[in-house]
file work_25.txt (compact mmCIF, C-alpha atoms)
# COMPACT_ATOMS: atom_id res chain seq x y z
CA MET U 1 126.85 98.76 133.92
CA ARG U 2 125.16 95.45 134.75
CA LEU U 3 125.72 94.32 131.16
CA ALA U 4 129.45 95.12 131.43
CA VAL U 5 129.73 93.08 134.64
CA VAL U 6 127.93 90.12 133.07
CA ALA U 7 130.15 90.33 129.97
CA ALA U 8 133.30 90.52 132.09
CA ALA U 9 132.19 87.52 134.14
CA ALA U 10 131.49 85.54 130.98
CA ILE U 11 134.93 86.35 129.57
CA LEU U 12 136.67 85.45 132.83
CA SER U 13 134.82 82.14 133.11
CA ALA U 14 135.75 81.31 129.50
CA PHE U 15 139.42 81.89 130.32
CA ALA U 16 139.08 79.77 133.45
CA ALA U 17 137.45 76.95 131.51
CA SER U 18 140.19 77.12 128.89
CA ALA U 19 142.85 76.94 131.58
CA ALA U 20 140.99 74.02 133.17
CA GLU U 21 140.98 72.19 129.79
CA VAL U 22 144.75 72.29 129.66
CA ALA U 23 145.26 71.68 133.39
CA ASN U 24 142.93 68.70 133.58
CA ASP U 25 143.85 67.14 130.26
CA THR U 26 146.87 64.97 131.03
CA ASN U 27 147.84 64.85 127.35
CA ALA U 28 147.71 68.53 126.45
CA VAL U 29 151.14 70.15 126.68
CA PRO U 30 151.26 73.44 124.80
CA ARG U 31 153.50 73.34 121.73
CA LYS U 32 153.75 75.10 118.40
CA VAL U 33 151.65 73.41 115.73
CA GLU U 34 153.32 73.87 112.36
CA MET U 35 150.41 72.71 110.20
CA ASP U 36 146.97 73.17 111.71
CA PHE U 37 144.42 71.53 109.42
CA THR U 38 141.59 72.37 111.81
CA ARG U 39 141.77 76.13 111.02
CA LEU U 40 141.21 75.63 107.30
CA SER U 41 137.89 75.90 105.48
CA LYS U 42 136.20 72.57 104.70
CA ILE U 43 137.27 72.22 101.10
CA VAL U 44 140.85 73.41 101.65
CA ARG U 45 141.04 71.04 104.61
CA GLN U 46 139.87 68.15 102.45
CA ALA U 47 142.42 69.02 99.77
CA GLN U 48 145.20 69.40 102.33
CA VAL U 49 144.26 66.17 104.13
CA THR U 50 144.17 64.32 100.80
CA ARG U 51 147.71 65.48 100.06
CA PHE U 52 148.79 64.60 103.62
CA LEU U 53 147.49 61.06 103.23
CA GLU U 54 148.86 60.58 99.70
CA SER U 55 152.29 62.16 100.27
CA PRO U 56 153.06 61.91 103.98
CA GLU U 57 156.82 62.05 103.37
CA LYS U 58 156.50 65.83 102.83
CA TYR U 59 155.30 66.26 106.41
CA VAL U 60 157.78 64.07 108.30
CA GLY U 61 159.00 65.71 111.50
CA LYS U 62 156.36 68.47 111.40
CA ILE U 63 153.85 69.01 114.19
CA VAL U 64 150.45 68.60 112.58
CA GLN U 65 147.02 69.12 114.13
CA ILE U 66 143.98 67.24 112.78
CA SER U 67 140.39 66.71 113.82
CA GLY U 68 138.06 63.76 113.31
CA ASP U 69 136.33 60.79 114.87
CA PHE U 70 138.21 58.79 117.48
CA TYR U 71 138.66 55.10 116.72
CA VAL U 72 140.38 52.58 118.95
CA ASP U 73 141.52 48.96 118.91
CA LYS U 74 141.30 48.45 122.63
CA PRO U 75 144.36 47.20 124.49
CA LYS U 76 144.12 43.53 125.50
CA ASP U 77 146.31 40.72 126.76
CA GLY U 78 149.12 43.12 127.57
CA GLU U 79 149.19 44.50 124.02
CA PRO U 80 148.95 48.30 123.72
CA GLY U 81 145.87 49.75 122.07
CA ARG U 82 145.84 51.31 118.60
CA TYR U 83 144.36 54.76 118.42
CA ALA U 84 143.30 56.60 115.27
CA CYS U 85 141.56 59.73 114.07
CA ALA U 86 139.23 59.27 111.06
CA LEU U 87 139.29 62.33 108.80
CA LYS U 88 136.11 63.33 107.00
CA ASP U 89 135.47 64.95 103.63
CA ALA U 90 134.20 68.50 103.14
CA ALA U 91 130.58 67.40 103.41
CA GLY U 92 131.33 65.72 106.71
CA CYS U 93 129.62 62.52 105.68
CA CYS U 94 132.35 60.16 104.65
CA ALA U 95 135.81 59.36 105.94
CA ILE U 96 138.63 59.99 103.51
CA GLY U 97 141.27 58.34 105.62
CA GLU U 98 142.48 57.42 109.06
CA VAL U 99 145.59 58.63 110.84
CA GLU U 100 146.97 56.50 113.64
CA PHE U 101 148.45 58.32 116.60
CA ARG U 102 150.56 57.31 119.60
CA PRO U 103 149.81 59.43 122.65
CA ARG U 104 152.59 61.16 124.54
CA GLY U 105 153.39 59.75 127.98
CA ALA U 106 151.66 56.65 129.29
CA PRO U 107 147.93 57.35 129.29
CA LYS U 108 145.72 54.59 130.60
CA TRP U 109 142.76 53.21 128.70
CA PRO U 110 139.92 54.14 129.10
CA GLN U 111 140.13 56.84 131.78
CA ASP U 112 142.67 59.03 129.97
CA PHE U 113 140.91 58.83 126.58
CA PRO U 114 137.70 60.23 125.07
CA ASP U 115 134.84 57.92 124.24
CA GLU U 116 135.16 56.01 120.99
CA TYR U 117 133.62 57.83 117.98
CA ASP U 118 133.85 61.19 119.78
CA THR U 119 135.13 64.08 117.67
CA ILE U 120 138.66 64.83 118.77
CA THR U 121 141.45 67.21 117.87
CA VAL U 122 144.90 65.69 118.06
CA ASN U 123 148.34 67.06 117.30
CA GLY U 124 151.64 65.25 117.03
CA LYS U 125 154.86 64.78 115.11
CA VAL U 126 154.50 63.05 111.76
CA GLU U 127 156.36 59.87 111.00
CA ILE U 128 155.84 57.30 108.24
CA MET U 129 154.49 53.82 108.78
CA ARG U 130 153.56 51.15 106.21
CA ASN U 131 150.09 49.63 106.17
CA GLY U 132 149.28 45.98 105.42
CA ASP U 133 149.71 46.61 101.67
CA GLY U 134 153.09 48.28 102.17
CA VAL U 135 151.72 51.72 101.33
CA PRO U 136 153.35 54.55 103.31
CA CYS U 137 150.91 56.24 105.69
CA PRO U 138 151.31 59.10 108.16
CA ARG U 139 151.29 58.42 111.87
CA LEU U 140 151.40 61.01 114.67
CA VAL U 141 153.76 60.27 117.54
CA GLU U 142 154.11 62.10 120.87
CA ALA U 143 150.48 63.03 120.23
CA ASP U 144 148.31 65.23 122.41
CA ILE U 145 144.54 64.98 122.36
CA VAL U 146 143.02 68.43 122.75
CA ARG U 147 139.45 68.07 123.88
CA LYS U 148 136.83 70.18 125.59
CA LYS U 149 135.56 69.43 129.05
CA MET J 1 139.60 79.64 116.52
CA ASP J 2 141.07 82.50 114.44
CA GLU J 3 139.96 82.47 110.81
CA VAL J 4 142.46 81.95 108.03
CA THR J 5 142.64 84.94 105.69
CA PHE J 6 142.70 84.59 101.92
CA LEU J 7 146.32 85.80 101.88
CA GLU J 8 147.25 82.90 104.17
CA TYR J 9 145.45 80.48 101.84
CA LEU J 10 147.53 81.88 98.98
CA SER J 11 150.62 80.55 100.76
CA TYR J 12 149.44 77.03 99.87
CA PRO J 13 150.80 76.05 96.43
CA PHE J 14 147.69 74.04 95.55
CA VAL J 15 145.48 77.14 96.08
CA ARG J 16 147.70 79.20 93.76
CA ASN J 17 147.69 76.36 91.22
CA ALA J 18 143.89 76.19 91.42
CA LEU J 19 143.59 79.92 90.70
CA VAL J 20 145.92 79.79 87.69
CA ALA J 21 144.45 76.60 86.23
CA GLY J 22 140.88 77.67 87.01
CA VAL J 23 141.21 81.02 85.25
CA LEU J 24 142.83 79.51 82.16
CA ILE J 25 140.32 76.68 81.92
CA SER J 26 137.33 79.00 82.19
CA LEU J 27 138.90 81.43 79.69
CA CYS J 28 139.24 78.81 76.96
CA ALA J 29 135.76 77.44 77.79
CA ALA J 30 134.22 80.90 77.44
CA LEU J 31 135.94 81.57 74.10
CA LEU J 32 134.75 78.22 72.79
CA GLY J 33 131.29 78.80 74.19
CA VAL J 34 130.57 81.83 72.00
CA PRO J 35 130.50 79.95 68.67
CA LEU J 36 128.85 76.93 70.33
CA VAL J 37 125.96 79.06 71.62
CA LEU J 38 125.59 80.88 68.31
CA ARG J 39 125.53 77.56 66.40
CA ARG J 40 122.93 76.25 68.88
CA LEU J 41 125.21 73.48 70.12
CA SER J 42 125.02 74.43 73.83
CA PHE J 43 124.04 70.94 74.96
CA MET J 44 127.01 69.35 73.32
CA GLY J 45 129.10 70.29 76.33
CA ASP J 46 126.68 68.61 78.69
CA GLY J 47 126.51 65.41 76.67
CA LEU J 48 130.26 65.14 76.22
CA SER J 49 130.87 65.73 79.92
CA HIS J 50 128.67 62.74 80.70
CA VAL J 51 130.69 60.62 78.29
CA ALA J 52 133.88 61.83 79.97
CA PHE J 53 132.44 60.86 83.37
CA GLY J 54 131.88 57.31 82.14
CA ALA J 55 135.42 57.13 80.78
CA MET J 56 136.86 58.54 84.02
CA ALA J 57 134.99 55.92 86.03
CA VAL J 58 136.42 53.12 83.91
CA ALA J 59 139.90 54.65 84.13
CA GLY J 60 139.60 54.79 87.91
CA VAL J 61 138.58 51.14 88.11
CA LEU J 62 141.46 50.16 85.83
CA ASN J 63 143.80 52.12 88.14
CA PHE J 64 145.01 54.56 85.54
CA ALA J 65 147.56 56.94 87.07
CA ASP J 66 145.77 59.80 85.31
CA THR J 67 142.15 59.31 84.27
CA MET J 68 142.62 61.85 81.48
CA ALA J 69 144.64 59.22 79.60
CA LEU J 70 141.32 57.43 78.90
CA SER J 71 138.72 60.17 79.26
CA LEU J 72 140.36 62.46 76.70
CA PRO J 73 140.51 60.01 73.75
CA VAL J 74 137.07 58.58 74.55
CA THR J 75 135.50 62.04 74.70
CA ILE J 76 137.22 63.06 71.47
CA ALA J 77 135.88 59.91 69.81
CA ALA J 78 132.38 60.68 71.08
CA ALA J 79 132.64 64.24 69.78
CA LEU J 80 133.62 62.95 66.33
CA VAL J 81 130.71 60.46 66.36
CA LEU J 82 128.33 63.27 67.28
CA MET J 83 129.71 65.47 64.54
CA ARG J 84 129.17 62.71 62.00
CA SER J 85 125.70 61.90 63.32
CA GLY J 86 124.56 65.43 62.55
CA ARG J 87 125.25 64.85 58.90
CA GLY J 88 122.75 62.38 57.46
CA ALA J 89 123.56 59.45 59.72
CA LYS J 90 120.86 56.94 60.69
CA THR J 91 120.55 58.26 64.22
CA GLY J 92 120.03 62.00 64.44
CA GLY J 93 122.47 64.26 66.31
CA ASP J 94 120.27 65.06 69.31
CA ALA J 95 119.15 61.45 69.77
CA MET J 96 122.72 60.22 69.50
CA LEU J 97 123.80 62.83 72.05
CA ALA J 98 121.09 61.73 74.48
CA MET J 99 121.97 58.06 74.08
CA LEU J 100 125.71 58.55 74.51
CA SER J 101 125.21 60.93 77.40
CA VAL J 102 122.94 58.84 79.62
CA GLY J 103 124.53 55.57 78.56
CA ALA J 104 127.98 56.73 79.58
CA MET J 105 126.75 58.14 82.92
CA ALA J 106 124.94 54.93 83.75
CA ALA J 107 127.86 52.75 82.69
CA GLY J 108 130.30 54.86 84.68
CA TYR J 109 128.31 54.74 87.89
CA LEU J 110 127.64 51.02 87.46
CA VAL J 111 131.34 50.31 87.02
CA MET J 112 132.23 52.41 90.07
CA ASN J 113 129.81 50.42 92.21
CA LEU J 114 130.78 47.00 90.84
CA LYS J 115 134.49 47.61 91.33
CA PRO J 116 135.02 50.57 93.66
CA SER J 117 138.50 52.06 93.61
CA SER J 118 138.01 53.66 97.03
CA SER J 119 135.89 53.14 100.14
CA ASN J 120 134.03 56.38 99.52
CA VAL J 121 132.27 55.83 96.18
CA SER J 122 129.45 58.28 96.92
CA GLY J 123 131.88 61.00 97.92
CA ASP J 124 134.04 60.39 94.86
CA VAL J 125 130.97 60.51 92.58
CA CYS J 126 129.77 63.74 94.18
CA THR J 127 133.18 65.33 93.86
CA THR J 128 133.40 64.33 90.19
CA LEU J 129 129.85 65.43 89.37
CA PHE J 130 129.99 68.81 91.10
CA GLY J 131 133.71 69.59 91.19
CA SER J 132 133.68 70.40 94.90
CA VAL J 133 137.44 70.04 95.51
CA SER J 134 138.83 68.63 92.26
CA ILE J 135 140.63 71.82 91.26
CA LEU J 136 142.35 71.92 94.66
CA THR J 137 143.66 68.36 94.41
CA LEU J 138 145.44 68.68 91.07
CA THR J 139 148.81 66.99 90.92
CA THR J 140 151.65 68.99 89.37
CA LEU J 141 151.25 66.97 86.17
CA ASP J 142 147.48 67.60 86.14
CA MET J 143 148.06 71.30 86.62
CA TRP J 144 150.60 71.65 83.82
CA LEU J 145 148.47 69.50 81.52
CA SER J 146 145.41 71.64 82.18
CA VAL J 147 147.37 74.87 81.78
CA GLY J 148 149.11 73.64 78.62
CA LEU J 149 145.89 72.47 76.98
CA SER J 150 144.08 75.69 77.94
CA VAL J 151 146.84 77.87 76.50
CA ALA J 152 146.93 75.75 73.33
CA VAL J 153 143.15 76.12 72.87
CA CYS J 154 143.30 79.88 73.41
CA VAL J 155 146.19 80.30 70.96
CA LEU J 156 144.47 78.10 68.36
CA TRP J 157 141.29 80.09 68.77
CA LEU J 158 143.13 83.37 68.23
CA PHE J 159 144.89 82.08 65.12
CA ALA J 160 141.68 80.63 63.69
CA TYR J 161 139.51 83.59 64.69
CA ASN J 162 138.52 84.53 61.15
CA ARG J 163 137.60 80.95 60.28
CA VAL J 164 135.68 80.60 63.57
CA PHE J 165 133.72 83.73 62.61
CA ASP J 166 132.95 82.42 59.10
CA MET J 167 131.89 78.96 60.29
CA THR J 168 129.74 80.38 63.07
CA PHE J 169 127.62 82.64 60.88
CA ASP J 170 127.68 81.10 57.42
CA GLU J 171 129.20 77.67 56.98
CA SER J 172 127.96 77.48 53.39
CA TYR J 173 129.77 80.70 52.52
CA ALA J 174 132.92 79.43 54.20
CA ARG J 175 132.75 76.23 52.13
CA ALA J 176 132.08 78.15 48.95
CA SER J 177 135.05 80.41 49.60
CA GLY J 178 137.34 77.40 49.71
CA ALA J 179 137.54 76.61 53.42
CA ASN J 180 137.92 72.97 54.36
CA THR J 181 134.82 72.92 56.57
CA THR J 182 135.05 69.18 57.25
CA LEU J 183 138.54 69.60 58.65
CA PHE J 184 137.46 72.63 60.64
CA ASN J 185 134.47 70.86 62.12
CA THR J 186 136.64 67.86 63.02
CA LEU J 187 139.17 70.13 64.71
CA ALA J 188 136.38 71.98 66.49
CA ALA J 189 134.95 68.69 67.81
CA VAL J 190 138.38 67.70 69.14
CA VAL J 191 138.89 71.08 70.79
CA VAL J 192 135.44 70.97 72.39
CA ALA J 193 136.20 67.52 73.79
CA VAL J 194 139.53 68.71 75.21
CA VAL J 195 137.94 71.75 76.82
CA ILE J 196 135.15 69.64 78.32
CA VAL J 197 137.58 67.16 79.89
CA ILE J 198 139.78 69.83 81.45
CA SER J 199 136.77 71.91 82.54
CA MET J 200 135.42 68.96 84.51
CA ARG J 201 138.34 69.37 86.90
CA LEU J 202 137.11 72.86 87.69
CA VAL J 203 133.32 72.60 87.95
CA GLY J 204 132.55 68.89 87.67
CA THR J 205 130.58 66.87 85.15
CA LEU J 206 127.11 68.28 85.68
CA LEU J 207 128.06 71.95 85.73
CA VAL J 208 130.55 72.08 82.86
CA SER J 209 128.07 73.42 80.31
CA SER J 210 127.69 76.55 82.43
CA LEU J 211 131.34 77.45 81.77
CA LEU J 212 130.63 77.26 78.05
CA VAL J 213 127.20 78.87 77.92
CA VAL J 214 126.78 81.50 80.65
CA PRO J 215 129.71 83.81 79.72
CA ALA J 216 128.54 83.85 76.10
CA ILE J 217 124.91 84.68 76.82
CA ALA J 218 125.92 87.22 79.47
CA ALA J 219 128.21 88.94 76.98
CA MET J 220 125.46 89.00 74.35
CA ARG J 221 123.37 91.12 76.71
CA VAL J 222 125.80 94.01 76.48
CA ALA J 223 127.88 93.49 73.34
CA LYS J 224 126.67 93.46 69.77
CA SER J 225 129.61 92.43 67.60
CA PHE J 226 131.16 88.97 67.59
CA ARG J 227 134.56 90.34 68.64
CA ALA J 228 133.03 92.36 71.49
CA VAL J 229 131.03 89.35 72.71
CA CYS J 230 134.21 87.26 72.80
CA VAL J 231 136.14 89.92 74.72
CA VAL J 232 133.33 90.52 77.23
CA ALA J 233 132.81 86.76 77.71
CA ALA J 234 136.54 86.34 78.41
CA VAL J 235 136.61 89.14 80.99
CA PHE J 236 133.34 87.91 82.52
CA THR J 237 134.56 84.37 82.99
CA VAL J 238 137.96 85.39 84.41
CA VAL J 239 136.32 87.66 87.01
CA CYS J 240 133.65 85.10 87.98
CA SER J 241 136.08 82.19 88.19
CA LEU J 242 138.53 84.14 90.33
CA ALA J 243 135.71 85.32 92.59
CA GLY J 244 134.18 81.86 92.74
CA ILE J 245 137.43 80.13 93.69
CA MET J 246 138.35 82.80 96.26
CA ILE J 247 134.92 82.65 97.91
CA ALA J 248 134.93 78.84 97.89
CA VAL J 249 138.39 78.66 99.46
CA VAL J 250 137.55 81.06 102.28
CA ALA J 251 133.95 80.02 102.91
CA GLY J 252 134.50 76.28 102.38
CA THR J 253 131.80 75.99 99.71
CA PRO J 254 132.12 73.57 96.75
CA VAL J 255 134.28 75.24 94.11
CA GLY J 256 132.26 74.24 91.05
CA SER J 257 128.90 75.37 92.45
CA THR J 258 130.37 78.64 93.72
CA ILE J 259 131.83 79.51 90.34
CA VAL J 260 128.53 78.72 88.60
CA ALA J 261 126.61 80.74 91.20
CA ALA J 262 128.96 83.67 90.56
CA ASP J 263 128.34 83.25 86.82
CA ILE J 264 124.55 83.23 87.22
CA ILE J 265 124.47 86.22 89.57
CA SER J 266 126.78 88.14 87.25
CA PHE J 267 124.57 87.21 84.29
CA PHE J 268 121.64 88.98 85.95
CA PHE J 269 123.79 92.06 86.52
CA MET J 270 124.80 91.98 82.86
CA ALA J 271 121.16 91.62 81.84
CA ILE J 272 120.27 94.73 83.87
CA ILE J 273 123.20 96.64 82.39
CA GLY J 274 122.11 95.50 78.94
CA ARG J 275 118.66 96.99 79.46
CA PHE J 276 120.15 100.36 80.34
CA LEU J 277 122.44 100.25 77.32
CA LYS J 278 119.55 99.77 74.88
call {"tool": "encode", "arguments": {"input": "work_25.txt", "output": "structure tokens"}}
result
Amino acid sequence: MRLAVVAAAAILSAFAASAAEVANDTNAVPRKVEMDFTRLSKIVRQAQVTRFLESPEKYVGKIVQISGDFYVDKPKDGEPGRYACALKDAAGCCAIGEVEFRPRGAPKWPQDFPDEYDTITVNGKVEIMRNGDGVPCPRLVEADIVRKK
Amino acid sequence: MDEVTFLEYLSYPFVRNALVAGVLISLCAALLGVPLVLRRLSFMGDGLSHVAFGAMAVAGVLNFADTMALSLPVTIAAALVLMRSGRGAKTGGDAMLAMLSVGAMAAGYLVMNLKPSSSNVSGDVCTTLFGSVSILTLTTLDMWLSVGLSVAVCVLWLFAYNRVFDMTFDESYARASGANTTLFNTLAAVVVAVVIVISMRLVGTLLVSSLLVVPAIAAMRVAKSFRAVCVVAAVFTVVCSLAGIMIAVVAGTPVGSTIVAADIISFFFMAIIGRFLK
């Protein structure tokens, strides 16, 4: 009986924490993710991410969710910051690419963002941008950062 | 986070492509492996795969759209050199194999470090050496090329079965009965090189000899005739490759290592079965 009460309390507190994540995270608005790379096994994720980076045009307009290290070019002199998620290989040791994202709304740096180099999960709509060499790259717009408290 | 089932993974085209290409590649490697093992040429696969690695590294640095465009002809050339070196050349076959093998590996890695084609040289080298995700990142062209070459090797093997049998067990008899053994050996060297290059996309450079060798020696534990060994090796490799790819996809383990682990574990089962059959 005591065990059942403890288990029920643990389940209820987990639900409460989950609700608090969404409630307190100004970026997280629930929406349907069409391609969730974070659910995949490591090697399928690496293969899928490689295709995403090499052929981003196939994903334009889709809501994609990715996970990786948070990198930022901090905002300065009135210029907005540049935010990116570095995606790692299956072994988790090396980055295989970086996806820039533009957060939804008007979050303020640094209070509305995780710490740099934290592992984040971010979802957003894919659009194409060109890097300095003119190569098409994916970028997530209207992005939400989903992070744990 | 809810786990993705294997059926959901099958909805990804690149997973389906990996299964089809993987099974065909391992099938033609297993068929080729039987005469190679019987002729005591098992290490040829290992040596040629190292040569192919070197060629792939150079092709990557030179920005070839498909590294096979360089690795295939270079590996074929190396196979022909090795074939000639076993026949009275100044440098013996095994010494030539060792020299080509380590020389090509060293040259390849050196070139990759001097002129890296990506920011993740170590990761790229690991992927190439152990085939962790290569089979899942095949382009459509890669896939059709691998499938086409695999089917061609299998068909050629079936058509030349009798000659393969003769050359495996008694090359002198085959020559005496009028067979053009030089032509056959040349063709065999080319086919081995082709199979090595396409097999590297499945299990990587360092593990490719397992695709050639393990099905053959596992089959020899339970089968006694040449035909039966070939059939059992074919079934063995198809089952192990399918299992290896499926497990790797779901569990997130490197594909090449998982397939080889499945091969080795299955070999021990076959060895136990073989004992009971005696």
call {"tool": "interface_residues", "arguments": {"input": "work_25.txt", "of": "chain J", "to": "chain U", "cutoff": "7 Å", "atoms": "all atoms listed in the file", "output": "list in words"}}
result
Met1, Glu3, Val4, Asn120, Gly123, Val133, Leu136, Thr137, Val249, Val250, Ala251, Gly252, Thr253 and Pro254 of chain J
call {"tool": "atom_distance", "arguments": {"input": "work_25.txt", "atom1": "atom CA of Val122 of chain U", "atom2": "atom CA of Asp124 of chain J"}}
result
26.2 Å
call {"tool": "residues_around", "arguments": {"input": "work_25.txt", "residues": "segment 104-121 of chain U", "least_positions_apart": "6", "cutoff": "6 Å", "atoms": "all atoms listed in the file", "output": "number ranges by chain"}}
result
U: 66-71, 142-143, 145-146
call {"tool": "residues_near_point", "arguments": {"input": "work_25.txt", "point": "(143.1, 75.6, 77.9)", "cutoff": "6 Å", "atoms": "only C-alpha atoms", "output": "short mmCIF file (atom, residue, chain, number, x, y, z; two decimals) with C-alpha atoms, in the coordinates of the input"}}
result
data_model
loop_
_atom_site.label_atom_id
_atom_site.label_comp_id
_atom_site.auth_asym_id
_atom_site.auth_seq_id
_atom_site.Cartn_x
_atom_site.Cartn_y
_atom_site.Cartn_z
CA LEU J 24 142.83 79.51 82.16
CA ILE J 25 140.32 76.68 81.92
CA CYS J 28 139.24 78.81 76.96
CA VAL J 147 147.37 74.87 81.78
CA LEU J 149 145.89 72.47 76.98
CA SER J 150 144.08 75.69 77.94
CA VAL J 151 146.84 77.87 76.50
CA ALA J 152 146.93 75.75 73.33
CA VAL J 153 143.15 76.12 72.87
#
call {"tool": "closest_residue", "arguments": {"input": "work_25.txt", "among": "J:Ala176, J:Ala262, J:Ala95, J:Met246", "to": "Val214 of chain J", "atoms": "all atoms listed in the file"}}
result
J:Ala262
call {"tool": "atom_distance", "arguments": {"input": "work_25.txt", "atom1": "atom CA of Val126 of chain U", "atom2": "atom CA of Val99 of chain U"}}
result
10.0 Å
call {"tool": "residues_around", "arguments": {"input": "work_25.txt", "residues": "Arg221 of chain J", "least_positions_apart": "6", "cutoff": "7 Å", "atoms": "only C-alpha atoms", "output": "ChimeraX atom specification"}}
result
/J:270-271,274
call {"tool": "residues_around", "arguments": {"input": "work_25.txt", "residues": "Phe184 of chain J", "least_positions_apart": "6", "cutoff": "9 Å", "atoms": "only C-alpha atoms", "output": "list in words"}}
result
Arg163, Val164 and Met167 of chain J
call {"tool": "closest_residue", "arguments": {"input": "work_25.txt", "among": "U:Val72, U:Phe101, U:Phe37, U:Gly124", "to": "Lys88 of chain U", "atoms": "all atoms listed in the file"}}
result
U:Phe37
call {"tool": "atom_distance", "arguments": {"input": "work_25.txt", "atom1": "atom CA of Met129 of chain U", "atom2": "atom CA of Phe64 of chain J"}}
result
25.1 Å
call {"tool": "closest_residue", "arguments": {"input": "work_25.txt", "among": "J:Ala243, J:Leu48, J:Ala228, J:Leu19", "to": "Gly103 of chain J", "atoms": "only C-alpha atoms"}}
result
J:Leu48
call {"tool": "residues_around", "arguments": {"input": "work_25.txt", "residues": "Lys125 of chain U", "least_positions_apart": "2", "cutoff": "10 Å", "atoms": "only C-alpha atoms", "output": "PDB file with C-alpha atoms, keeping the file's coordinate frame"}}
result
ATOM      1  CA  VAL U  33     151.650  73.410 115.730  1.00  0.00           C
ATOM      2  CA  GLU U  34     153.320  73.870 112.360  1.00  0.00           C
ATOM      3  CA  TYR U  59     155.300  66.260 106.410  1.00  0.00           C
ATOM      4  CA  VAL U  60     157.780  64.070 108.300  1.00  0.00           C
ATOM      5  CA  GLY U  61     159.000  65.710 111.500  1.00  0.00           C
ATOM      6  CA  LYS U  62     156.360  68.470 111.400  1.00  0.00           C
ATOM      7  CA  ILE U  63     153.850  69.010 114.190  1.00  0.00           C
ATOM      8  CA  VAL U  64     150.450  68.600 112.580  1.00  0.00           C
ATOM      9  CA  GLN U  65     147.020  69.120 114.130  1.00  0.00           C
ATOM     10  CA  PHE U 101     148.450  58.320 116.600  1.00  0.00           C
ATOM     11  CA  ARG U 102     150.560  57.310 119.600  1.00  0.00           C
ATOM     12  CA  ASN U 123     148.340  67.060 117.300  1.00  0.00           C
ATOM     13  CA  GLU U 127     156.360  59.870 111.000  1.00  0.00           C
ATOM     14  CA  PRO U 138     151.310  59.100 108.160  1.00  0.00           C
ATOM     15  CA  ARG U 139     151.290  58.420 111.870  1.00  0.00           C
ATOM     16  CA  LEU U 140     151.400  61.010 114.670  1.00  0.00           C
ATOM     17  CA  VAL U 141     153.760  60.270 117.540  1.00  0.00           C
ATOM     18  CA  GLU U 142     154.110  62.100 120.870  1.00  0.00           C
ATOM     19  CA  ALA U 143     150.480  63.030 120.230  1.00  0.00           C
ATOM     20  CA  ASP U 144     148.310  65.230 122.410  1.00  0.00           C
TER      21      ASP U 144
END
call {"tool": "residues_around", "arguments": {"input": "work_25.txt", "residues": "Ala233 of chain J", "least_positions_apart": "3", "cutoff": "12 Å", "atoms": "all atoms listed in the file", "output": "ChimeraX atom specification"}}
result
/J:26-35,37,211-223,226-230,236-241,263,266-267,270
call {"tool": "write_last_selection", "arguments": {"input": "work_25.txt", "atoms": "C-alpha atoms", "output": "compact mmCIF listing (two decimals), keeping the file's coordinate frame"}}
result
# COMPACT_ATOMS: atom_id res chain seq x y z
CA SER J 26 137.33 79.00 82.19
CA LEU J 27 138.90 81.43 79.69
CA CYS J 28 139.24 78.81 76.96
CA ALA J 29 135.76 77.44 77.79
CA ALA J 30 134.22 80.90 77.44
CA LEU J 31 135.94 81.57 74.10
CA LEU J 32 134.75 78.22 72.79
CA GLY J 33 131.29 78.80 74.19
CA VAL J 34 130.57 81.83 72.00
CA PRO J 35 130.50 79.95 68.67
CA VAL J 37 125.96 79.06 71.62
CA LEU J 211 131.34 77.45 81.77
CA LEU J 212 130.63 77.26 78.05
CA VAL J 213 127.20 78.87 77.92
CA VAL J 214 126.78 81.50 80.65
CA PRO J 215 129.71 83.81 79.72
CA ALA J 216 128.54 83.85 76.10
CA ILE J 217 124.91 84.68 76.82
CA ALA J 218 125.92 87.22 79.47
CA ALA J 219 128.21 88.94 76.98
CA MET J 220 125.46 89.00 74.35
CA ARG J 221 123.37 91.12 76.71
CA VAL J 222 125.80 94.01 76.48
CA ALA J 223 127.88 93.49 73.34
CA PHE J 226 131.16 88.97 67.59
CA ARG J 227 134.56 90.34 68.64
CA ALA J 228 133.03 92.36 71.49
CA VAL J 229 131.03 89.35 72.71
CA CYS J 230 134.21 87.26 72.80
CA PHE J 236 133.34 87.91 82.52
CA THR J 237 134.56 84.37 82.99
CA VAL J 238 137.96 85.39 84.41
CA VAL J 239 136.32 87.66 87.01
CA CYS J 240 133.65 85.10 87.98
CA SER J 241 136.08 82.19 88.19
CA ASP J 263 128.34 83.25 86.82
CA SER J 266 126.78 88.14 87.25
CA PHE J 267 124.57 87.21 84.29
CA MET J 270 124.80 91.98 82.86
